[in-house]
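J.: After the structure tokens below, expect a handful of questions from me.
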Amino acid sequence: MTKPRLPKRILMLGFENAQILDVTGPFEILEAARTRSGEPAYEIELIAPERGPFRTSCGLTLTATRGIDEIGDEELGQVHSLLVAGGMGTRKLAHDTRVIGFIRRAAARTKRTVSVCTGALLLAGAGLLDGKRAATHWAFAETLRRDFPKIEVDPDAIYVRAGKIWTSAGVTAGMDLALALVEEDLGREAALAIARQLVMFLMRPGGQSQFSAQLAAQGVSDERIARVCSHIVGNPRDDLSVPALAAHAYMSERTFARRFSEATGLTPAQFVERARLDEARRRLTEGSAPVETVAHHAGFGQAERMRRAFLRHLGVTPNRYRERFLTAKRPISINLIAEERQNVS
């Protein structure tokens, strides 16, 4: 008789002023995971520096079942993964030797250590990211790089795996990372089943960019640069060279390039490539046109040029990107999770 597989024990470290989705997003995905027998694949516990309730950054309160001082080394050896949330509270905890010491102690004994968003600052404080590539929320990437120069910070990745250490970008990227953990533990079909159950668009690969040209265009305060950004996003096939864009902004090329980079954090060429990438992704997932046709309409011209951009920013080829999307839309006929969980009304 086959001995039933015990669920993997997971500790989620929350704290005062944690970002609530950094906790609840991964928590929900891991809780949804089921083995083929219908049993939970994970046993998850929310812990904090102190036992009891703590207030998250949005004002809602979560409750930790235990404080970190209640968890000994022997117990940590039975824990599969430690997940560390992010949020504004990390600024204070980054200087808390007790919390940093716990993370370092847990990482030495657990099989996997994971941070969501600015939780990477706490892993960095514990020395766990030295010499490794790591991700965090794009707005804190420079802070991580400046304060911890031994880390290879990837400001663009959705999530990064470096051996037994995983880090992710902000907020919803923690859910992408959690799906990747499920995929590693239970297989791709299980992860896709959960993505469908939670109505997630698709499983984003870790190398996918955090950046959206359309969102960036909406956040530019310089009116003339904002107008140019909107023009780029809406007309990816146009001549989008610096001379053409500078003329559109009624600026000299040198002034335009400087003001554009100040307003967006990117060079005009970088922004144009991201906008064309957004358009190509939309066309790949909304239709069945050949890759060459998509490349033309997205402004890349040649399919090979588009392929290189996809690999650089998303970590997958255009064909693989489309394949991932189609796979995520297909029905999954395996009993990894209940079709309708009884506790969902």
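We label chains A, B, ... in the order they appear in the structure tokens, count residues from 1 in each chain, and number ligands from 1 in the order shown.
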Enumerate, as an NGL selection string, the complete set of residues in segment 105-158 of chain A that a backbone-based DSSP assignment places in strand (DSSP E or B).
T.: :A and (112-115 or 133-135 or 152-154 or 157)
J.: Write to file, as a PDB file, in the first residue's frame, the residues of the selection just made, with C-alpha atoms.
T.:
```pdb
ATOM      1  CA  ARG A 112      13.438  26.874  -0.298  1.00  0.00           C
ATOM      2  CA  THR A 113      13.449  30.564   0.662  1.00  0.00           C
ATOM      3  CA  VAL A 114      11.193  32.947  -1.240  1.00  0.00           C
ATOM      4  CA  SER A 115      10.575  36.692  -1.155  1.00  0.00           C
ATOM      5  CA  ARG A 133      20.570  37.442  -9.431  1.00  0.00           C
ATOM      6  CA  ALA A 134      17.417  38.759  -7.770  1.00  0.00           C
ATOM      7  CA  ALA A 135      14.164  40.572  -8.530  1.00  0.00           C
ATOM      8  CA  GLU A 152      22.880  41.217  -9.455  1.00  0.00           C
ATOM      9  CA  VAL A 153      19.562  43.058  -9.431  1.00  0.00           C
ATOM     10  CA  ASP A 154      17.233  42.393 -12.349  1.00  0.00           C
ATOM     11  CA  ALA A 157      11.970  40.265 -14.230  1.00  0.00           C
TER      12      ALA A 157
END
```
J.: Can you pull out every residue within 8 Å of segment 281-296 of chain A, counting only C-alpha atoms, but drop anything in the same chain fewer than 6 positions away, and send it as a PyMOL selection string?
T.: chain A and resi 237+302-303+306+318-319+321-322+325-326
J.: Just to be explicit: take each residue in the selection above, keep all heavy atoms, and write the result as an mmCIF file, in the first residue's frame.
T.:
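Written file, again08.cif:
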```cif
data_model
loop_
_atom_site.group_PDB
_atom_site.id
_atom_site.type_symbol
_atom_site.label_atom_id
_atom_site.label_comp_id
_atom_site.auth_asym_id
_atom_site.auth_seq_id
_atom_site.Cartn_x
_atom_site.Cartn_y
_atom_site.Cartn_z
ATOM 1 N N ARG A 237 3.774 51.093 -35.871
ATOM 2 C CA ARG A 237 4.352 50.868 -37.201
ATOM 3 C C ARG A 237 4.947 52.140 -37.798
ATOM 4 O O ARG A 237 5.623 52.080 -38.832
ATOM 5 C CB ARG A 237 3.287 50.323 -38.152
ATOM 6 C CG ARG A 237 2.858 48.894 -37.873
ATOM 7 C CD ARG A 237 1.729 48.469 -38.802
ATOM 8 N NE ARG A 237 2.080 48.612 -40.214
ATOM 9 C CZ ARG A 237 1.204 48.469 -41.208
ATOM 10 N NH1 ARG A 237 -0.062 48.194 -40.938
ATOM 11 N NH2 ARG A 237 1.597 48.598 -42.456
ATOM 12 N N GLN A 302 10.768 42.697 -39.193
ATOM 13 C CA GLN A 302 11.193 41.315 -39.412
ATOM 14 C C GLN A 302 10.884 40.444 -38.197
ATOM 15 O O GLN A 302 11.007 40.882 -37.048
ATOM 16 C CB GLN A 302 12.691 41.268 -39.708
ATOM 17 C CG GLN A 302 13.094 42.022 -40.961
ATOM 18 C CD GLN A 302 14.593 41.991 -41.173
ATOM 19 O OE1 GLN A 302 15.350 41.613 -40.282
ATOM 20 N NE2 GLN A 302 15.022 42.386 -42.365
ATOM 21 N N ALA A 303 10.506 39.205 -38.464
ATOM 22 C CA ALA A 303 10.172 38.271 -37.381
ATOM 23 C C ALA A 303 11.370 38.010 -36.481
ATOM 24 O O ALA A 303 11.220 37.860 -35.260
ATOM 25 C CB ALA A 303 9.653 36.958 -37.966
ATOM 26 N N MET A 306 11.742 40.694 -33.920
ATOM 27 C CA MET A 306 10.748 40.534 -32.867
ATOM 28 C C MET A 306 11.127 39.377 -31.940
ATOM 29 O O MET A 306 10.973 39.474 -30.719
ATOM 30 C CB MET A 306 9.368 40.288 -33.472
ATOM 31 C CG MET A 306 8.259 40.204 -32.425
ATOM 32 S SD MET A 306 6.597 40.110 -33.136
ATOM 33 C CE MET A 306 6.548 38.392 -33.652
ATOM 34 N N PRO A 318 8.256 34.286 -29.595
ATOM 35 C CA PRO A 318 6.848 34.596 -29.889
ATOM 36 C C PRO A 318 5.975 33.351 -30.003
ATOM 37 O O PRO A 318 4.849 33.324 -29.500
ATOM 38 C CB PRO A 318 6.931 35.355 -31.220
ATOM 39 C CG PRO A 318 8.285 35.982 -31.199
ATOM 40 C CD PRO A 318 9.174 34.982 -30.519
ATOM 41 N N ASN A 319 6.485 32.309 -30.661
ATOM 42 C CA ASN A 319 5.702 31.082 -30.793
ATOM 43 C C ASN A 319 5.432 30.448 -29.435
ATOM 44 O O ASN A 319 4.323 29.964 -29.166
ATOM 45 C CB ASN A 319 6.418 30.084 -31.697
ATOM 46 C CG ASN A 319 6.248 30.415 -33.174
ATOM 47 O OD1 ASN A 319 5.214 30.907 -33.577
ATOM 48 N ND2 ASN A 319 7.274 30.156 -33.966
ATOM 49 N N TYR A 321 5.379 32.024 -26.563
ATOM 50 C CA TYR A 321 4.466 32.907 -25.838
ATOM 51 C C TYR A 321 3.016 32.607 -26.224
ATOM 52 O O TYR A 321 2.143 32.478 -25.365
ATOM 53 C CB TYR A 321 4.798 34.360 -26.153
ATOM 54 C CG TYR A 321 3.974 35.355 -25.376
ATOM 55 C CD1 TYR A 321 4.375 35.783 -24.116
ATOM 56 C CD2 TYR A 321 2.788 35.863 -25.893
ATOM 57 C CE1 TYR A 321 3.623 36.690 -23.394
ATOM 58 C CE2 TYR A 321 2.017 36.770 -25.180
ATOM 59 C CZ TYR A 321 2.448 37.177 -23.937
ATOM 60 O OH TYR A 321 1.683 38.076 -23.220
ATOM 61 N N ARG A 322 2.776 32.494 -27.519
ATOM 62 C CA ARG A 322 1.422 32.175 -27.994
ATOM 63 C C ARG A 322 0.991 30.795 -27.501
ATOM 64 O O ARG A 322 -0.160 30.598 -27.087
ATOM 65 C CB ARG A 322 1.380 32.234 -29.521
ATOM 66 C CG ARG A 322 0.077 31.742 -30.121
ATOM 67 C CD ARG A 322 0.096 31.867 -31.635
ATOM 68 N NE ARG A 322 -0.357 33.169 -32.067
ATOM 69 C CZ ARG A 322 -0.230 33.634 -33.302
ATOM 70 N NH1 ARG A 322 0.392 32.902 -34.224
ATOM 71 N NH2 ARG A 322 -0.709 34.822 -33.633
ATOM 72 N N PHE A 325 -0.162 30.879 -23.936
ATOM 73 C CA PHE A 325 -1.488 31.472 -23.814
ATOM 74 C C PHE A 325 -2.572 30.479 -24.212
ATOM 75 O O PHE A 325 -3.569 30.316 -23.521
ATOM 76 C CB PHE A 325 -1.578 32.722 -24.688
ATOM 77 C CG PHE A 325 -2.939 33.356 -24.674
ATOM 78 C CD1 PHE A 325 -3.314 34.183 -23.638
ATOM 79 C CD2 PHE A 325 -3.852 33.121 -25.699
ATOM 80 C CE1 PHE A 325 -4.575 34.768 -23.616
ATOM 81 C CE2 PHE A 325 -5.106 33.698 -25.680
ATOM 82 C CZ PHE A 325 -5.466 34.532 -24.636
ATOM 83 N N LEU A 326 -2.366 29.788 -25.322
ATOM 84 C CA LEU A 326 -3.362 28.827 -25.793
ATOM 85 C C LEU A 326 -3.500 27.666 -24.828
ATOM 86 O O LEU A 326 -4.593 27.167 -24.590
ATOM 87 C CB LEU A 326 -2.984 28.319 -27.191
ATOM 88 C CG LEU A 326 -3.043 29.379 -28.305
ATOM 89 C CD1 LEU A 326 -2.552 28.790 -29.617
ATOM 90 C CD2 LEU A 326 -4.450 29.936 -28.455
#
```
J.: Which residues are close to Phe140 of chain A, i.e. within 12 Å by only C-alpha atoms, leaving aside same-chain residues fewer than 2 positions away? Reply as a PyMOL selection string.
T.: chain A and resi 86-88+90-91+117-121+134-138+142-148+153-156+168-170
J.: Using only C-alpha atoms, which of the listed residues (A:Thr97, A:Ser241, A:Thr110, A:Thr63) sits closest to Ser81 of chain A?
T.: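 Residue with the minimum atom-to-atom distance to Ser81 of chain A: A:Thr110.
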J.: Using only C-alpha atoms, which residues sit within 7 Å of Asp22 of chain A once same-chain residues fewer than 2 positions away are excluded, as an MDAnalysis selection string?
T.: chainID A and resid 19:20 24:26 85:86 116 171 174
J.: Mind giving me the straight-line distance from atom CA of Glu183 of chain A to atom CA of Gly127 of chain A in Å, one decimal?
T.: 27.2 Å
J.: Please extract the residues of segment 105-192 of chain A with a backbone DSSP assignment of helix (DSSP H, G or I) and present them as a PyMOL selection string.
T.: chain A and resi 105-107+119-125+138-147+173-186+188-192
J.: If we count only C-alpha atoms, what is near Asp130 of chain A at a cut-off of 10 Å, once residues fewer than 5 positions away on the same chain are taken out, given as a list of chain:residue names?
T.: A:Leu123, A:Ala124, A:Gly125, A:Phe148, A:Pro149, A:Lys150, A:Ile151, A:Glu152
J.: Write the residues of the preceding selection, restricted to N, CA, C and O atoms, as a PDB file, in the first residue's frame.
T.:
```pdb
ATOM      1  N   LEU A 123      15.752  39.493   2.606  1.00  0.00           N
ATOM      2  CA  LEU A 123      16.656  38.410   2.227  1.00  0.00           C
ATOM      3  C   LEU A 123      18.058  38.956   1.994  1.00  0.00           C
ATOM      4  O   LEU A 123      19.054  38.332   2.373  1.00  0.00           O
ATOM      5  N   ALA A 124      18.129  40.141   1.390  1.00  0.00           N
ATOM      6  CA  ALA A 124      19.430  40.760   1.154  1.00  0.00           C
ATOM      7  C   ALA A 124      20.110  41.100   2.476  1.00  0.00           C
ATOM      8  O   ALA A 124      21.313  40.881   2.643  1.00  0.00           O
ATOM      9  N   GLY A 125      19.336  41.613   3.438  1.00  0.00           N
ATOM     10  CA  GLY A 125      19.890  41.940   4.746  1.00  0.00           C
ATOM     11  C   GLY A 125      20.433  40.728   5.468  1.00  0.00           C
ATOM     12  O   GLY A 125      21.371  40.828   6.268  1.00  0.00           O
ATOM     13  N   PHE A 148      23.006  46.973  -1.576  1.00  0.00           N
ATOM     14  CA  PHE A 148      23.604  45.638  -1.579  1.00  0.00           C
ATOM     15  C   PHE A 148      24.319  45.401  -2.908  1.00  0.00           C
ATOM     16  O   PHE A 148      23.812  44.693  -3.780  1.00  0.00           O
ATOM     17  N   PRO A 149      25.487  46.005  -3.082  1.00  0.00           N
ATOM     18  CA  PRO A 149      26.182  45.959  -4.383  1.00  0.00           C
ATOM     19  C   PRO A 149      26.634  44.569  -4.817  1.00  0.00           C
ATOM     20  O   PRO A 149      26.982  44.386  -5.984  1.00  0.00           O
ATOM     21  N   LYS A 150      26.617  43.596  -3.919  1.00  0.00           N
ATOM     22  CA  LYS A 150      27.021  42.244  -4.303  1.00  0.00           C
ATOM     23  C   LYS A 150      25.910  41.481  -5.030  1.00  0.00           C
ATOM     24  O   LYS A 150      26.136  40.388  -5.534  1.00  0.00           O
ATOM     25  N   ILE A 151      24.706  42.062  -5.083  1.00  0.00           N
ATOM     26  CA  ILE A 151      23.561  41.401  -5.714  1.00  0.00           C
ATOM     27  C   ILE A 151      23.451  41.840  -7.165  1.00  0.00           C
ATOM     28  O   ILE A 151      23.594  43.015  -7.490  1.00  0.00           O
ATOM     29  N   GLU A 152      23.164  40.903  -8.058  1.00  0.00           N
ATOM     30  CA  GLU A 152      22.880  41.217  -9.455  1.00  0.00           C
ATOM     31  C   GLU A 152      21.373  41.461  -9.564  1.00  0.00           C
ATOM     32  O   GLU A 152      20.591  40.529  -9.729  1.00  0.00           O
TER      33      GLU A 152
END
```
J.: Determine the nearest neighbour of Leu192 of chain A from the options A:Ala213, A:Ile100, A:Ala33, A:Ala173, counting only C-alpha atoms.
T.: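 Using only C-alpha atoms, the shortest distance to Leu192 of chain A belongs to A:Ala33.
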J.: Just how far from atom CA of Met175 of chain A is atom CA of Gly59 of chain A, in Å to one decimal?
T.: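 Straight-line distance from atom CA of Gly59 of chain A to atom CA of Met175 of chain A works out to 21.0 Å.
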J.: Using only C-alpha atoms, which residues sit within 9 Å of Ala269 of chain A once same-chain residues fewer than 5 positions away are excluded, as a count of residues only?
T.: 4
J.: Considering only C-alpha atoms, can you say which of A:Leu60, A:Met251, A:Arg5, A:Arg312 comes closest to Gly38 of chain A?
T.: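 That would be A:Arg5, the residue with the smallest distance to Gly38 of chain A.
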J.: Would you mind reading off the distance between atom CA of Tyr159 of chain A and atom CA of Pro49 of chain A, one decimal, in Å?
T.: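 For atom CA of Tyr159 of chain A relative to atom CA of Pro49 of chain A, the distance reads 25.4 Å.
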